[in-house]
Amino acid sequence: MERFHPAFNCDNAPRRVLVRTSTLPAELTILRHSHRRAELAYVLSGMLSFTAGDAIYNVPPQTTLLIPAGTVHDMRVHRDSSVMTLYLALPPDKAKAGRLGTIPVSGLLREMMMAAASLPEAYVQESRDGLLMDLIAEEVLWLMSQQGAPTLQIPAPRDPRLLRLCQEALGQLERDWTIDQAARVAGMGRRTFTRSFRREIGISFNTWRARARLNAAVSRLSAGASITEVAFESGYNSPSAFATMFKRTLGMSPSQLRMASTNARHGGDRFRTET
C-alpha cells in the first residue's frame, strides 16, 4: 500500500552542511516540496524516482541526483532503499550553481559523507567536524563542474492515472509490459490509454519505457556497473545488442561512457604526488 510522508525540513538545520542516512520502505512517497538548500540524493541500494516539473528522474543503486535549491519536487521509493542525503546551503554567489541531474560521486566524497552522517546537526564549526563539512561542500562544488554522465529525464504525464502507471513501470524496468497490461494499471481501455498517453507526453508508452531503461542504464554504467549486468537489467538478451542500441542513441559506446564517468569520479588523480 502506498504511503505518503511530508519532506524533512532541512532549512532548519543549524549549520550549512547536513548529511543524513535513511532506510526507506517501498511504496513510500515524499510529497511535493522545495527547500532553500541544494540536495544531493545518493542511493546506496534500492530504487528512487523524483518528479520535478514535467519530467521524472529515476535513480538506480550507486547513483545520485542533484536537486538545486528552490526546485519543487517529490520522491517515490520503488524498492526498499538505503539513501544518503546531503543538504548544502550555498553562498549567494553560488546559489545558482548546478542543474537538476546526475553528478559523479568521487570516492573522497563518498567516504566523507559516510563519516559526516554520524555527526550532530549542530557540529562545532571551528573543529575537525567543521573542517570535514567545509571540505564536503568544496568537493560537491568541484564535482558539479565536471563533465559526468548525461542525465536523461523522462517525460511525466499530468494525468494521475498515467503518472501512477509510469511510477510503477519505473520500479519494474526489467518487465516486458503489454499495452493491455499498462492500460489495466492505468484504469483505462486500450484505445483510450494509447491516445491519452501520446497526447499527454507526445510519445507512445513503449517509447517512454525504452527511454526509462536507457536512463537507468546510463546511471548504472556511470556508477561502474558492468555492461553485461546493465544489458540484462535493461531487458536485452545480449550485451552486443544493448551496446548497438546505446551507441545509436547516445553517440558513444557503453565502455566509453564508463571510462568518462570513471575519470570524472576520480578527478584526474587530483591528489597524486608528483614523482
# chains A, B, ... in the order shown; residues from 1 in each chain; ligands from 1
>>> residues_around(residues="Glu200 of chain A", least_positions_apart="6", cutoff="12 Å", atoms="only C-alpha atoms", output="number ranges by chain")
A: 54, 155-163, 192-194, 208
>>> write_last_selection(atoms="all heavy atoms", output="short mmCIF file (atom, residue, chain, number, x, y, z; two decimals), in the first residue's frame")
data_model
loop_
_atom_site.label_atom_id
_atom_site.label_comp_id
_atom_site.auth_asym_id
_atom_site.auth_seq_id
_atom_site.Cartn_x
_atom_site.Cartn_y
_atom_site.Cartn_z
N ASP A 54 7.88 18.81 -15.50
CA ASP A 54 7.21 17.85 -16.37
C ASP A 54 8.10 16.66 -16.69
O ASP A 54 7.99 16.05 -17.75
CB ASP A 54 6.78 18.54 -17.67
CG ASP A 54 7.96 19.15 -18.43
OD1 ASP A 54 9.10 19.10 -17.90
OD2 ASP A 54 7.74 19.69 -19.52
N PRO A 155 9.78 12.17 -19.75
CA PRO A 155 8.57 13.00 -19.64
C PRO A 155 7.59 12.43 -18.62
O PRO A 155 7.43 11.21 -18.52
CB PRO A 155 7.98 12.97 -21.05
CG PRO A 155 9.11 12.56 -21.94
CD PRO A 155 10.00 11.69 -21.12
N ALA A 156 6.95 13.31 -17.86
CA ALA A 156 6.00 12.90 -16.83
C ALA A 156 4.59 13.33 -17.24
O ALA A 156 4.36 14.52 -17.45
CB ALA A 156 6.36 13.51 -15.48
N PRO A 157 3.65 12.39 -17.34
CA PRO A 157 2.27 12.79 -17.63
C PRO A 157 1.64 13.50 -16.44
O PRO A 157 2.01 13.25 -15.29
CB PRO A 157 1.57 11.46 -17.92
CG PRO A 157 2.37 10.44 -17.17
CD PRO A 157 3.79 10.93 -17.20
N ARG A 158 0.68 14.36 -16.71
CA ARG A 158 -0.02 15.06 -15.63
C ARG A 158 -1.24 14.30 -15.14
O ARG A 158 -1.65 14.46 -13.99
CB ARG A 158 -0.42 16.45 -16.10
CG ARG A 158 0.78 17.34 -16.42
CD ARG A 158 0.38 18.75 -16.76
NE ARG A 158 1.55 19.57 -17.05
CZ ARG A 158 1.49 20.86 -17.35
NH1 ARG A 158 0.31 21.48 -17.43
NH2 ARG A 158 2.60 21.54 -17.59
N ASP A 159 -1.83 13.50 -15.99
CA ASP A 159 -2.97 12.69 -15.58
C ASP A 159 -2.51 11.74 -14.46
O ASP A 159 -1.58 10.94 -14.66
CB ASP A 159 -3.48 11.87 -16.77
CG ASP A 159 -4.76 11.10 -16.47
OD1 ASP A 159 -4.83 10.45 -15.41
OD2 ASP A 159 -5.69 11.15 -17.30
N PRO A 160 -3.12 11.79 -13.28
CA PRO A 160 -2.65 10.97 -12.15
C PRO A 160 -2.70 9.48 -12.44
O PRO A 160 -1.90 8.71 -11.91
CB PRO A 160 -3.59 11.36 -11.01
CG PRO A 160 -4.77 12.01 -11.65
CD PRO A 160 -4.27 12.65 -12.90
N ARG A 161 -3.62 9.04 -13.30
CA ARG A 161 -3.68 7.61 -13.64
C ARG A 161 -2.46 7.19 -14.45
O ARG A 161 -1.86 6.13 -14.21
CB ARG A 161 -4.97 7.32 -14.40
CG ARG A 161 -6.25 7.60 -13.62
CD ARG A 161 -7.46 7.53 -14.53
NE ARG A 161 -7.42 8.56 -15.58
CZ ARG A 161 -8.31 8.68 -16.56
NH1 ARG A 161 -9.31 7.79 -16.64
NH2 ARG A 161 -8.20 9.64 -17.46
N LEU A 162 -2.10 8.02 -15.41
CA LEU A 162 -0.92 7.72 -16.21
C LEU A 162 0.36 7.86 -15.41
O LEU A 162 1.31 7.10 -15.58
CB LEU A 162 -0.89 8.63 -17.44
CG LEU A 162 -2.05 8.48 -18.42
CD1 LEU A 162 -1.95 9.50 -19.54
CD2 LEU A 162 -2.10 7.06 -19.00
N LEU A 163 0.40 8.86 -14.52
CA LEU A 163 1.58 9.04 -13.68
C LEU A 163 1.77 7.84 -12.76
O LEU A 163 2.90 7.38 -12.55
CB LEU A 163 1.44 10.33 -12.87
CG LEU A 163 2.62 10.69 -11.96
CD1 LEU A 163 3.91 10.82 -12.77
CD2 LEU A 163 2.34 11.98 -11.19
N THR A 192 -8.31 4.19 -25.32
CA THR A 192 -8.25 5.44 -24.54
C THR A 192 -6.85 5.64 -23.97
O THR A 192 -6.31 6.75 -23.98
CB THR A 192 -9.28 5.41 -23.40
OG1 THR A 192 -10.59 5.28 -23.95
CG2 THR A 192 -9.21 6.69 -22.57
N PHE A 193 -6.26 4.55 -23.49
CA PHE A 193 -4.92 4.63 -22.90
C PHE A 193 -3.89 5.08 -23.93
O PHE A 193 -3.10 6.01 -23.68
CB PHE A 193 -4.52 3.28 -22.31
CG PHE A 193 -3.06 3.18 -21.98
CD1 PHE A 193 -2.53 3.90 -20.92
CD2 PHE A 193 -2.21 2.40 -22.74
CE1 PHE A 193 -1.18 3.82 -20.62
CE2 PHE A 193 -0.86 2.32 -22.45
CZ PHE A 193 -0.34 3.04 -21.39
N THR A 194 -3.84 4.44 -25.09
CA THR A 194 -2.81 4.78 -26.07
C THR A 194 -2.96 6.22 -26.55
O THR A 194 -1.97 6.94 -26.72
CB THR A 194 -2.87 3.82 -27.26
OG1 THR A 194 -4.20 3.82 -27.82
CG2 THR A 194 -2.51 2.41 -26.84
N TRP A 208 8.38 5.52 -24.29
CA TRP A 208 8.67 6.06 -22.96
C TRP A 208 9.43 5.05 -22.12
O TRP A 208 10.41 5.39 -21.45
CB TRP A 208 7.36 6.44 -22.28
CG TRP A 208 7.52 7.03 -20.92
CD1 TRP A 208 7.63 8.36 -20.61
CD2 TRP A 208 7.62 6.32 -19.69
NE1 TRP A 208 7.79 8.52 -19.24
CE2 TRP A 208 7.78 7.27 -18.67
CE3 TRP A 208 7.58 4.97 -19.35
CZ2 TRP A 208 7.92 6.93 -17.32
CZ3 TRP A 208 7.73 4.61 -18.02
CH2 TRP A 208 7.89 5.57 -17.02
#
>>> closest_residue(among="A:Leu40, A:Ala212, A:Val77, A:Ala137", to="Pro91 of chain A", atoms="only C-alpha atoms")
A:Ala137
>>> atom_distance(atom1="atom CA of Gln153 of chain A", atom2="atom CA of Asn58 of chain A")
7.8 Å
>>> select_by_dssp(residues="segment 104-185 of chain A", states="helix (DSSP H, G or I)", output="ChimeraX atom specification")
/A:107-116,128-144,160-170,179-185
>>> atom_distance(atom1="atom CA of Glu39 of chain A", atom2="atom CA of Ala69 of chain A")
7.2 Å
>>> closest_residue(among="A:Ser234, A:Ser226, A:Gln125, A:Ser196", to="Leu214 of chain A", atoms="only C-alpha atoms")
A:Ser234
>>> closest_residue(among="A:Arg184, A:Arg195, A:His5, A:Arg209", to="Ile56 of chain A", atoms="only C-alpha atoms")
A:Arg209
>>> select_by_dssp(residues="segment 42-248 of chain A", states="strand (DSSP E)", output="PyMOL selection string")
chain A and resi 42-52+55-59+63-67+73-88+154-155
>>> closest_residue(among="A:Thr249, A:Thr29, A:Ser34, A:Thr102", to="Asp11 of chain A", atoms="only C-alpha atoms")
A:Ser34
